[in-house]
Amino acid sequence: MADRAPNVIALIGCQKAEFNHASRLRTWVLRIQTAIAALAALTIPIKSDTFLYVVAIVALCLAAAWFYLWNELAGSRAHAERLRRTTLLVGGLGFPLSGAELIELCREGKAAQSEAKRLVDPDYFASQKPAGPTRLVEMLEESAIWTCNLAKIAAQESWLLFTGLLLVFLLALFAAAAFVSPSEWQLGARIVMAILASLLSADFLGAAISYGGARDAARRTVDRLQPHKAGVPALEPLMLILGDYNSAVEGMPPFSSGLYPRHEKRLNEEYRMFLTGPQ
């Protein structure tokens, strides 16, 4: 089978390792953003200049760490998507990939090569068809189903996170009235509004919306593939579907590192049911 070819197996390992690396970076970016927002909220009821100075220094250090990790995340995610696209084309259609090209692809990533070797999986895709348009349909459908299910969960968790942070900031705003004078109350309100504005433009709300959009796009991809599952499908419409799917998936943030492990058993059972039907 195509996914048992050495180059495809190596690609799968590199792809999984790079996505895992991006997911870990994503988790740390969210943690730092949450910490910065929490520090900003703490400054509302506090009058001590020394405390505010220390908090400002800590927040600046966290912001520098966030900027570094954000750039690392962007590079890792872009390379992971490059590996995913290459895996679909090489494993699905049997496009040739030389050993030199494979080495270059794997070395350009930010994930450890030892992790890539550990994660190689010849049975990563369920399709048993030989390389060609029919196999690409099955691989793309499988990828879209997993994206749809994971993005749905990620969207729900992102909305919960954003709602929770919103409630915390509102409570901090109202609690500040018991500690500060009217002028300081106004300053605190402006600070909280600035925090909320940054949240609206950053990952918390943006991620929830992006995950929801990717979920819908993945679901449409599965629907669009159904007419092409009978017989030998034409390659041209498949490439259009693949292009649309790639665009939607690459527009969402990577999933956090703990998302799949928390739901692995249920999602695997649901996918087996999709393949075999209700037992």
# chains A, B, ... in the order shown; residues from 1 in each chain; ligands from 1

call {"tool": "residues_around", "arguments": {"residues": "A:Pro237", "least_positions_apart": "6", "cutoff": "10 Å", "atoms": "only C-alpha atoms", "output": "ChimeraX atom specification"}}
result
/A:224-225,228,243

call {"tool": "closest_atom_pairs", "arguments": {"of": "stretch 126-158 of chain A", "to": "stretch 94-112 of chain A", "cutoff": "9 Å", "atoms": "only C-alpha atoms", "output": "tab-separated table"}}
result
residue	atom	partner	partner_atom	distance
A:Pro130	CA	A:Gly94	CA	8.6
A:Ala131	CA	A:Gly94	CA	5.1
A:Gly132	CA	A:Gly94	CA	6.6

call {"tool": "closest_residue", "arguments": {"among": "A:Asp216, A:Glu18, A:Glu138, A:Glu157", "to": "A:Leu93", "atoms": "only C-alpha atoms"}}
result
A:Glu138

call {"tool": "atom_distance", "arguments": {"atom1": "atom CA of A:Gln156", "atom2": "atom CA of A:Ala80"}}
result
23.9 Å

call {"tool": "closest_residue", "arguments": {"among": "A:Pro6, A:Gly212, A:Pro253, A:Pro133", "to": "A:Gly92", "atoms": "only C-alpha atoms"}}
result
A:Pro133

call {"tool": "atom_distance", "arguments": {"atom1": "atom CA of A:Gln128", "atom2": "atom CA of A:Cys148"}}
result
22.3 Å

call {"tool": "residues_around", "arguments": {"residues": "A:Leu150", "least_positions_apart": "6", "cutoff": "8 Å", "atoms": "only C-alpha atoms", "output": "list of chain:residue names"}}
result
A:Phe255, A:Leu259, A:Tyr260

call {"tool": "write_last_selection", "arguments": {"atoms": "C-alpha atoms", "output": "compact mmCIF listing (two decimals), in the first residue's frame"}}
result
# COMPACT_ATOMS: atom_id res chain seq x y z
CA PHE A 255 -5.24 22.17 18.51
CA LEU A 259 -7.27 17.87 23.11
CA TYR A 260 -6.90 14.57 21.27

call {"tool": "closest_residue", "arguments": {"among": "A:Ser23, A:Ser247, A:Thr86, A:Thr50", "to": "A:Leu69", "atoms": "only C-alpha atoms"}}
result
A:Ser23

call {"tool": "atom_distance", "arguments": {"atom1": "atom CA of A:Met252", "atom2": "atom CA of A:Ser210"}}
result
5.0 Å

call {"tool": "residues_around", "arguments": {"residues": "A:Gly213", "least_positions_apart": "5", "cutoff": "10 Å", "atoms": "only C-alpha atoms", "output": "PDB file with C-alpha atoms, in the first residue's frame"}}
result
ATOM      1  CA  CYS A 148     -14.446  18.194  11.830  1.00  0.00           C
ATOM      2  CA  ALA A 151     -12.504  21.344  15.588  1.00  0.00           C
ATOM      3  CA  LYS A 152     -15.996  20.959  17.032  1.00  0.00           C
ATOM      4  CA  ALA A 155     -14.528  25.413  19.362  1.00  0.00           C
ATOM      5  CA  ALA A 207      -9.806  30.672  17.975  1.00  0.00           C
ATOM      6  CA  ALA A 208     -13.401  29.773  18.801  1.00  0.00           C
ATOM      7  CA  ALA A 218     -14.430  20.007   6.905  1.00  0.00           C
ATOM      8  CA  ARG A 219     -18.044  18.868   7.003  1.00  0.00           C
ATOM      9  CA  ALA A 248      -9.886  26.098   5.667  1.00  0.00           C
ATOM     10  CA  VAL A 249      -7.651  23.913   7.832  1.00  0.00           C
ATOM     11  CA  GLY A 251      -6.757  29.162   8.708  1.00  0.00           C
ATOM     12  CA  MET A 252      -7.479  27.750  12.162  1.00  0.00           C
TER      13      MET A 252
END

call {"tool": "residues_around", "arguments": {"residues": "A:Leu242", "least_positions_apart": "4", "cutoff": "8 Å", "atoms": "only C-alpha atoms", "output": "list in words"}}
result
Leu140, Leu238 and Asn246 of chain A

call {"tool": "residues_around", "arguments": {"residues": "A:Trp159", "least_positions_apart": "4", "cutoff": "12 Å", "atoms": "only C-alpha atoms", "output": "list in words"}}
result
Lys152, Ile153, Ala154, Ala155, Thr163, Gly164, Leu165, Leu166, Leu199, Leu200, Asp203, Phe204, Leu205, Gly206, Ala207, Ala208, Ile209, Ser210, Tyr211 and Gly212 of chain A

call {"tool": "closest_residue", "arguments": {"among": "A:Leu160, A:Gln15, A:Phe67, A:Ala40", "to": "A:Val54", "atoms": "only C-alpha atoms"}}
result
A:Ala40

call {"tool": "closest_residue", "arguments": {"among": "A:Leu267, A:Ala74, A:Leu240, A:Ile145", "to": "A:His21", "atoms": "only C-alpha atoms"}}
result
A:Ala74
